[in-house]
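Some notes on the structure that comes next.
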Amino acid sequence: MSDGVHAPRVWVVQVTDETFNAERILTSDGQTIGITNEDDVHLAHVRERQRQGDTPPYLDDVRLEGFSAPPRYVSPASFAPDYVARLRTLLSPKLFKLLDQPSGSLQAIPTDTVWQGENPPDWSYLWLCYVPRVPAVDVERSDVELVPVEKGGERLQQIRFKDALRLQDDLDPPCGVFQAAEGGYILLATDAVAEAVVRSGCTGIEFVDAETAFDAEGPTMRRGPDGPEPYPELVDVFDPDAPRPWDADLPPVGPPMTWEKSPVDWFDWEPADTELEAPTPSPESGKPGEALARFLQEAIYFDETAAADVLAAIKDVRAGRSELWVGELPIWVVVVRPDAVWIRLEDGYPGDGPYPFPLDGMAAVIKRWAESIERAPHPLG
């Protein structure tokens with residue numbers, strides 16, 4: 001054991017911060033990751049439980065005797081951690097063999113894994129569909145909430161973890177991986193299994209100290225290859241809601257953008273003129289049309305000076321009096337440059353904008369929307 005520290009007998013199984021962060025970034029960039037038939041899987045799972053005589057609420061996992069809708073998991077070939085825990089827990093075949101101790105204590109069924117891109121892995125994920133439950137939690141010493149549950153006429157209590165999880169001193173699980181019978185849907189693993197997995201080099205999975213796993217400060221210890229080791233400082237998790245710099249994703253200034261068709265012609269202006277709603281974009285306008293309609297409604301409409309400010313900036317850029325204007329309007333950021341007018345949500349996902357529009361076309365759209373606004377009372381008075 002490293003530094004003479006005694007290893008906990010049981011660890012909490014978690015996704016590594018690095019894997020969680022990488023998945024968020026890929027998803028925000030528009031990559032498809034995840035189970036694409038979750039509704040079908042859920043329905044098939046419920047029907048299998050009903051066939052076996054189980055009734056809601058479903059408090060325990062059941063071994064599946066037949067399953068008609070295996071999960072269809074899609075992922076870039078470049079992102080293939082051994083452990084994925086998003087909606088459902090997926091494992092590489094290598095990891096499953098290490099966790100399934102003794103053999104047959106767990107149940108997993110093959111998924112329909114679709115790898116996108118070059119050099120895909122030569123394996124498919126397994127869905128971990130059955131994990132045994134073992135009495136494990138010392139409720140008196142844990143910080144938990146007791147939730148009353150009624151099943152089959154019997155009143156039960158399930159626990160919902162808050163901050164502190166304390167396990168029973170005499171806990172002696174009969175298998176390497178299990179869940180607490182008291183509830184909580186947390187995966188637990190013995191030290192022997194944790195050691196084997198860490199030494200195998202499996203990715204995406206880590207084993208953290210159960211007593212500090214849910215503290216506000218986070219875990220203090222995790223299972224290393226030679227024993228307990230200090231938990232590393234948390235990596236900065238990608239936050240798609242964090243505001244980005246105004247120039248995020250903007251290319252260098254190029255030649256002026258021109259379109260044969262003005263974006264004014266994308267819209268059905270009748271709702272704007274009659275109900276003062278955002279003009280309806282045509283289907284062929286795609287995401288740029290949808291974004292422009294939202295920009296008009298949320299920025300130009302609700303900021304009384306926004307239309308005049310953007311139009312003045314377009315005029316100055318066209319006349320050569322300015323090379324750059326940046327407006328942080330309600331929810332939106334608008335950038336006026338000699339090549340185009342760019343708009344994007346202030347905290348929008350990378351890969352979903354910014355959208356460029358010709359200077360003349362954007363000016364025409366803003367003027368047209370301003371005309372509609374003038375015909376009705378403004379919500380701000």
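Chains: A, B, ... in order of the structure tokens. Residues: from 1 per chain. Ligands: from 1, in order shown.
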Members of segment 273-381 of chain A assigned strand (DSSP E) by DSSP, as a ChimeraX atom specification: /A:280-281,325-328,332-336,341-345,355-357
N, CA and C atoms of the current selection, written as a PDB file, in the first residue's frame:
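Output (out38.pdb):
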```pdb
ATOM      1  N   THR A 280     -41.577  34.026 -38.836  1.00  0.00           N
ATOM      2  CA  THR A 280     -41.378  32.592 -38.983  1.00  0.00           C
ATOM      3  C   THR A 280     -40.393  32.310 -40.110  1.00  0.00           C
ATOM      4  N   PRO A 281     -39.260  31.637 -39.828  1.00  0.00           N
ATOM      5  CA  PRO A 281     -38.294  31.350 -40.894  1.00  0.00           C
ATOM      6  C   PRO A 281     -38.773  30.217 -41.779  1.00  0.00           C
ATOM      7  N   TRP A 325     -17.252  46.382 -34.819  1.00  0.00           N
ATOM      8  CA  TRP A 325     -18.186  46.805 -33.765  1.00  0.00           C
ATOM      9  C   TRP A 325     -18.722  45.554 -33.093  1.00  0.00           C
ATOM     10  N   VAL A 326     -18.703  45.541 -31.759  1.00  0.00           N
ATOM     11  CA  VAL A 326     -19.186  44.401 -30.995  1.00  0.00           C
ATOM     12  C   VAL A 326     -20.291  44.873 -30.067  1.00  0.00           C
ATOM     13  N   GLY A 327     -21.438  44.247 -30.166  1.00  0.00           N
ATOM     14  CA  GLY A 327     -22.557  44.582 -29.298  1.00  0.00           C
ATOM     15  C   GLY A 327     -22.980  43.379 -28.471  1.00  0.00           C
ATOM     16  N   GLU A 328     -22.953  43.533 -27.149  1.00  0.00           N
ATOM     17  CA  GLU A 328     -23.436  42.470 -26.259  1.00  0.00           C
ATOM     18  C   GLU A 328     -24.871  42.814 -25.898  1.00  0.00           C
ATOM     19  N   TRP A 332     -27.675  37.760 -26.778  1.00  0.00           N
ATOM     20  CA  TRP A 332     -26.918  37.590 -28.015  1.00  0.00           C
ATOM     21  C   TRP A 332     -25.697  38.502 -28.058  1.00  0.00           C
ATOM     22  N   VAL A 333     -24.697  38.050 -28.833  1.00  0.00           N
ATOM     23  CA  VAL A 333     -23.542  38.868 -29.191  1.00  0.00           C
ATOM     24  C   VAL A 333     -23.600  39.084 -30.692  1.00  0.00           C
ATOM     25  N   VAL A 334     -23.445  40.339 -31.123  1.00  0.00           N
ATOM     26  CA  VAL A 334     -23.446  40.665 -32.549  1.00  0.00           C
ATOM     27  C   VAL A 334     -22.124  41.353 -32.877  1.00  0.00           C
ATOM     28  N   VAL A 335     -21.484  40.927 -33.942  1.00  0.00           N
ATOM     29  CA  VAL A 335     -20.206  41.481 -34.373  1.00  0.00           C
ATOM     30  C   VAL A 335     -20.369  41.979 -35.802  1.00  0.00           C
ATOM     31  N   VAL A 336     -20.083  43.248 -36.014  1.00  0.00           N
ATOM     32  CA  VAL A 336     -20.167  43.841 -37.352  1.00  0.00           C
ATOM     33  C   VAL A 336     -18.744  44.069 -37.846  1.00  0.00           C
ATOM     34  N   VAL A 341     -22.029  40.464 -40.873  1.00  0.00           N
ATOM     35  CA  VAL A 341     -22.524  40.622 -39.511  1.00  0.00           C
ATOM     36  C   VAL A 341     -22.645  39.223 -38.919  1.00  0.00           C
ATOM     37  N   TRP A 342     -22.011  39.016 -37.785  1.00  0.00           N
ATOM     38  CA  TRP A 342     -21.997  37.711 -37.132  1.00  0.00           C
ATOM     39  C   TRP A 342     -22.846  37.766 -35.871  1.00  0.00           C
ATOM     40  N   ILE A 343     -23.664  36.730 -35.645  1.00  0.00           N
ATOM     41  CA  ILE A 343     -24.448  36.668 -34.415  1.00  0.00           C
ATOM     42  C   ILE A 343     -24.306  35.282 -33.797  1.00  0.00           C
ATOM     43  N   ARG A 344     -24.347  35.248 -32.482  1.00  0.00           N
ATOM     44  CA  ARG A 344     -24.377  33.981 -31.757  1.00  0.00           C
ATOM     45  C   ARG A 344     -24.917  34.244 -30.360  1.00  0.00           C
ATOM     46  N   LEU A 345     -25.452  33.182 -29.757  1.00  0.00           N
ATOM     47  CA  LEU A 345     -25.881  33.271 -28.370  1.00  0.00           C
ATOM     48  C   LEU A 345     -24.677  33.547 -27.480  1.00  0.00           C
ATOM     49  N   TYR A 355     -23.259  32.737 -36.743  1.00  0.00           N
ATOM     50  CA  TYR A 355     -23.811  32.727 -38.089  1.00  0.00           C
ATOM     51  C   TYR A 355     -23.533  34.060 -38.776  1.00  0.00           C
ATOM     52  N   PRO A 356     -22.968  34.024 -40.006  1.00  0.00           N
ATOM     53  CA  PRO A 356     -22.691  35.265 -40.736  1.00  0.00           C
ATOM     54  C   PRO A 356     -23.844  35.640 -41.667  1.00  0.00           C
ATOM     55  N   PHE A 357     -24.059  36.932 -41.826  1.00  0.00           N
ATOM     56  CA  PHE A 357     -25.078  37.458 -42.730  1.00  0.00           C
ATOM     57  C   PHE A 357     -24.501  38.664 -43.476  1.00  0.00           C
TER      58      PHE A 357
END
```
Spatial neighbours of segment 260-270 of chain A, 10 Å, only C-alpha atoms, chain gap at least 4 places, as a PyMOL selection string: chain A and resi 274-286+288-290+292-293+357-358+360-369+372
Selection export as a PDB file, in the first residue's frame, atoms kept: N, CA and C atoms:
```
ATOM      1  N   THR A 274     -49.014  41.069 -37.311  1.00  0.00           N
ATOM      2  CA  THR A 274     -50.345  40.938 -36.713  1.00  0.00           C
ATOM      3  C   THR A 274     -50.297  40.599 -35.226  1.00  0.00           C
ATOM      4  N   GLU A 275     -49.396  39.695 -34.824  1.00  0.00           N
ATOM      5  CA  GLU A 275     -49.328  39.270 -33.426  1.00  0.00           C
ATOM      6  C   GLU A 275     -48.068  39.771 -32.731  1.00  0.00           C
ATOM      7  N   LEU A 276     -47.218  40.450 -33.468  1.00  0.00           N
ATOM      8  CA  LEU A 276     -45.927  40.914 -32.964  1.00  0.00           C
ATOM      9  C   LEU A 276     -45.111  39.757 -32.390  1.00  0.00           C
ATOM     10  N   GLU A 277     -45.103  38.671 -33.122  1.00  0.00           N
ATOM     11  CA  GLU A 277     -44.258  37.536 -32.781  1.00  0.00           C
ATOM     12  C   GLU A 277     -43.071  37.520 -33.733  1.00  0.00           C
ATOM     13  N   ALA A 278     -42.047  36.770 -33.351  1.00  0.00           N
ATOM     14  CA  ALA A 278     -40.887  36.678 -34.228  1.00  0.00           C
ATOM     15  C   ALA A 278     -41.314  36.170 -35.597  1.00  0.00           C
ATOM     16  N   PRO A 279     -40.783  36.739 -36.660  1.00  0.00           N
ATOM     17  CA  PRO A 279     -41.139  36.246 -37.992  1.00  0.00           C
ATOM     18  C   PRO A 279     -40.763  34.778 -38.135  1.00  0.00           C
ATOM     19  N   THR A 280     -41.577  34.026 -38.836  1.00  0.00           N
ATOM     20  CA  THR A 280     -41.378  32.592 -38.983  1.00  0.00           C
ATOM     21  C   THR A 280     -40.393  32.310 -40.110  1.00  0.00           C
ATOM     22  N   PRO A 281     -39.260  31.637 -39.828  1.00  0.00           N
ATOM     23  CA  PRO A 281     -38.294  31.350 -40.894  1.00  0.00           C
ATOM     24  C   PRO A 281     -38.773  30.217 -41.779  1.00  0.00           C
ATOM     25  N   SER A 282     -38.370  30.239 -43.018  1.00  0.00           N
ATOM     26  CA  SER A 282     -38.714  29.160 -43.935  1.00  0.00           C
ATOM     27  C   SER A 282     -37.854  27.941 -43.622  1.00  0.00           C
ATOM     28  N   PRO A 283     -38.348  26.741 -43.921  1.00  0.00           N
ATOM     29  CA  PRO A 283     -37.569  25.524 -43.624  1.00  0.00           C
ATOM     30  C   PRO A 283     -36.197  25.515 -44.285  1.00  0.00           C
ATOM     31  N   GLU A 284     -36.108  26.066 -45.511  1.00  0.00           N
ATOM     32  CA  GLU A 284     -34.827  26.009 -46.215  1.00  0.00           C
ATOM     33  C   GLU A 284     -33.772  26.929 -45.603  1.00  0.00           C
ATOM     34  N   SER A 285     -34.196  27.844 -44.724  1.00  0.00           N
ATOM     35  CA  SER A 285     -33.219  28.741 -44.103  1.00  0.00           C
ATOM     36  C   SER A 285     -32.388  28.018 -43.055  1.00  0.00           C
ATOM     37  N   GLY A 286     -32.874  26.885 -42.558  1.00  0.00           N
ATOM     38  CA  GLY A 286     -32.111  26.077 -41.614  1.00  0.00           C
ATOM     39  C   GLY A 286     -31.803  26.793 -40.315  1.00  0.00           C
ATOM     40  N   PRO A 288     -29.389  28.954 -39.546  1.00  0.00           N
ATOM     41  CA  PRO A 288     -29.185  30.416 -39.599  1.00  0.00           C
ATOM     42  C   PRO A 288     -30.498  31.187 -39.559  1.00  0.00           C
ATOM     43  N   GLY A 289     -31.538  30.689 -40.239  1.00  0.00           N
ATOM     44  CA  GLY A 289     -32.826  31.366 -40.207  1.00  0.00           C
ATOM     45  C   GLY A 289     -33.457  31.326 -38.831  1.00  0.00           C
ATOM     46  N   GLU A 290     -33.372  30.162 -38.182  1.00  0.00           N
ATOM     47  CA  GLU A 290     -33.905  30.043 -36.824  1.00  0.00           C
ATOM     48  C   GLU A 290     -33.156  30.964 -35.874  1.00  0.00           C
ATOM     49  N   LEU A 292     -31.547  33.723 -36.623  1.00  0.00           N
ATOM     50  CA  LEU A 292     -31.859  35.120 -36.918  1.00  0.00           C
ATOM     51  C   LEU A 292     -33.216  35.513 -36.356  1.00  0.00           C
ATOM     52  N   ALA A 293     -34.201  34.628 -36.451  1.00  0.00           N
ATOM     53  CA  ALA A 293     -35.524  34.921 -35.885  1.00  0.00           C
ATOM     54  C   ALA A 293     -35.441  35.097 -34.377  1.00  0.00           C
ATOM     55  N   PHE A 357     -24.059  36.932 -41.826  1.00  0.00           N
ATOM     56  CA  PHE A 357     -25.078  37.458 -42.730  1.00  0.00           C
ATOM     57  C   PHE A 357     -24.501  38.664 -43.476  1.00  0.00           C
ATOM     58  N   PRO A 358     -24.856  38.843 -44.753  1.00  0.00           N
ATOM     59  CA  PRO A 358     -24.377  40.021 -45.490  1.00  0.00           C
ATOM     60  C   PRO A 358     -24.796  41.304 -44.788  1.00  0.00           C
ATOM     61  N   ASP A 360     -25.788  44.195 -46.022  1.00  0.00           N
ATOM     62  CA  ASP A 360     -27.037  44.743 -46.558  1.00  0.00           C
ATOM     63  C   ASP A 360     -28.229  43.904 -46.125  1.00  0.00           C
ATOM     64  N   GLY A 361     -28.080  42.575 -46.167  1.00  0.00           N
ATOM     65  CA  GLY A 361     -29.184  41.709 -45.808  1.00  0.00           C
ATOM     66  C   GLY A 361     -29.570  41.844 -44.349  1.00  0.00           C
ATOM     67  N   MET A 362     -28.583  41.926 -43.453  1.00  0.00           N
ATOM     68  CA  MET A 362     -28.890  42.086 -42.040  1.00  0.00           C
ATOM     69  C   MET A 362     -29.561  43.429 -41.787  1.00  0.00           C
ATOM     70  N   ALA A 363     -29.071  44.477 -42.440  1.00  0.00           N
ATOM     71  CA  ALA A 363     -29.691  45.796 -42.264  1.00  0.00           C
ATOM     72  C   ALA A 363     -31.147  45.765 -42.715  1.00  0.00           C
ATOM     73  N   ALA A 364     -31.426  45.083 -43.819  1.00  0.00           N
ATOM     74  CA  ALA A 364     -32.796  45.025 -44.331  1.00  0.00           C
ATOM     75  C   ALA A 364     -33.706  44.271 -43.363  1.00  0.00           C
ATOM     76  N   VAL A 365     -33.207  43.179 -42.777  1.00  0.00           N
ATOM     77  CA  VAL A 365     -34.010  42.396 -41.839  1.00  0.00           C
ATOM     78  C   VAL A 365     -34.309  43.206 -40.579  1.00  0.00           C
ATOM     79  N   ILE A 366     -33.315  43.879 -40.050  1.00  0.00           N
ATOM     80  CA  ILE A 366     -33.524  44.659 -38.825  1.00  0.00           C
ATOM     81  C   ILE A 366     -34.512  45.799 -39.080  1.00  0.00           C
ATOM     82  N   LYS A 367     -34.390  46.467 -40.224  1.00  0.00           N
ATOM     83  CA  LYS A 367     -35.333  47.545 -40.545  1.00  0.00           C
ATOM     84  C   LYS A 367     -36.757  47.010 -40.664  1.00  0.00           C
ATOM     85  N   ARG A 368     -36.889  45.848 -41.293  1.00  0.00           N
ATOM     86  CA  ARG A 368     -38.228  45.275 -41.466  1.00  0.00           C
ATOM     87  C   ARG A 368     -38.840  44.901 -40.127  1.00  0.00           C
ATOM     88  N   TRP A 369     -38.055  44.332 -39.237  1.00  0.00           N
ATOM     89  CA  TRP A 369     -38.545  43.967 -37.908  1.00  0.00           C
ATOM     90  C   TRP A 369     -38.874  45.219 -37.090  1.00  0.00           C
ATOM     91  N   SER A 372     -42.319  46.442 -37.821  1.00  0.00           N
ATOM     92  CA  SER A 372     -43.367  45.690 -37.129  1.00  0.00           C
ATOM     93  C   SER A 372     -43.483  46.132 -35.677  1.00  0.00           C
TER      94      SER A 372
END
```
Determine the nearest neighbour of Arg166 of chain A from the options A:Leu91, A:Leu99, A:Val10, A:Ala77, counting only C-alpha atoms. A:Val10
Neighbouring residues of Val147 of chain A were defined as those with any atom within 7 Å, considering only C-alpha atoms; residues of the same chain fewer than 4 positions away were excluded. Please report them as a VMD selection string. chain A and resid 157 to 160
Between A:Glu23, A:Gly34, A:Asp143, A:Pro330, smallest distance to Ala306 of chain A by only C-alpha atoms belongs to A:Pro330
Could you pull out the residues in segment 159-322 of chain A that DSSP calls helix (DSSP H, G or I) from the backbone, as number ranges by chain? A: 191-200, 263-266, 270-274, 283-300, 306-318
Might you pull out every residue within 7 Å of segment 188-200 of chain A, with only C-alpha atoms counted and same-chain residues fewer than 3 positions away left off, and present them as a count of residues only? 16
Have a look at A:Val15, A:Glu374, A:Arg63, A:Gln31 and name the one nearest to Val208 of chain A; count only C-alpha atoms.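 For Val208 of chain A, the nearest of the given residues is A:Val15.
Distances here use only C-alpha atoms; by that measure, the residue among A:Asp226, A:Asp29, A:Asp163, A:Glu150 closest to Phe214 of chain A is A:Asp163.
Distance-wise, atom CA of Arg47 of chain A and atom CA of Leu64 of chain A end up 10.7 Å apart.
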Can you tell me which residues surround Tyr301 of chain A at a distance of at most 9 Å, considering only C-alpha atoms, apart from same-chain residues fewer than 4 positions away, and format the answer as a VMD selection string? chain A and resid 278 295 to 297 306 to 307 369 to 370 373 378
Suppose you want the space between atom CA of Glu211 of chain A and atom CA of Asp100 of chain A; what is it in Å? 23.9 Å
Which polymer residues have any atom within 8 Å of an atom of Leu126 of chain A, counting only C-alpha atoms, with same-chain residues fewer than 6 positions away left out, as a list in words? Leu90, Leu91, Ser92, Pro93, Phe96, Ala108, Ile109, Pro110 and Thr111 of chain A
Suppose we keep C-alpha atoms; can you now write the selection as an mmCIF file, in the first residue's frame?
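Produced file again-v5.cif, reproduced below:
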```
data_model
loop_
_atom_site.group_PDB
_atom_site.id
_atom_site.type_symbol
_atom_site.label_atom_id
_atom_site.label_comp_id
_atom_site.auth_asym_id
_atom_site.auth_seq_id
_atom_site.Cartn_x
_atom_site.Cartn_y
_atom_site.Cartn_z
ATOM 1 C CA LEU A 90 -21.820 0.644 -20.656
ATOM 2 C CA LEU A 91 -18.609 -1.346 -20.362
ATOM 3 C CA SER A 92 -15.969 -2.654 -22.691
ATOM 4 C CA PRO A 93 -15.757 -6.467 -22.706
ATOM 5 C CA PHE A 96 -16.758 -6.321 -17.709
ATOM 6 C CA ALA A 108 -24.477 -7.503 -19.330
ATOM 7 C CA ILE A 109 -25.895 -7.781 -22.842
ATOM 8 C CA PRO A 110 -24.277 -6.668 -26.105
ATOM 9 C CA THR A 111 -25.196 -3.275 -27.515
#
```
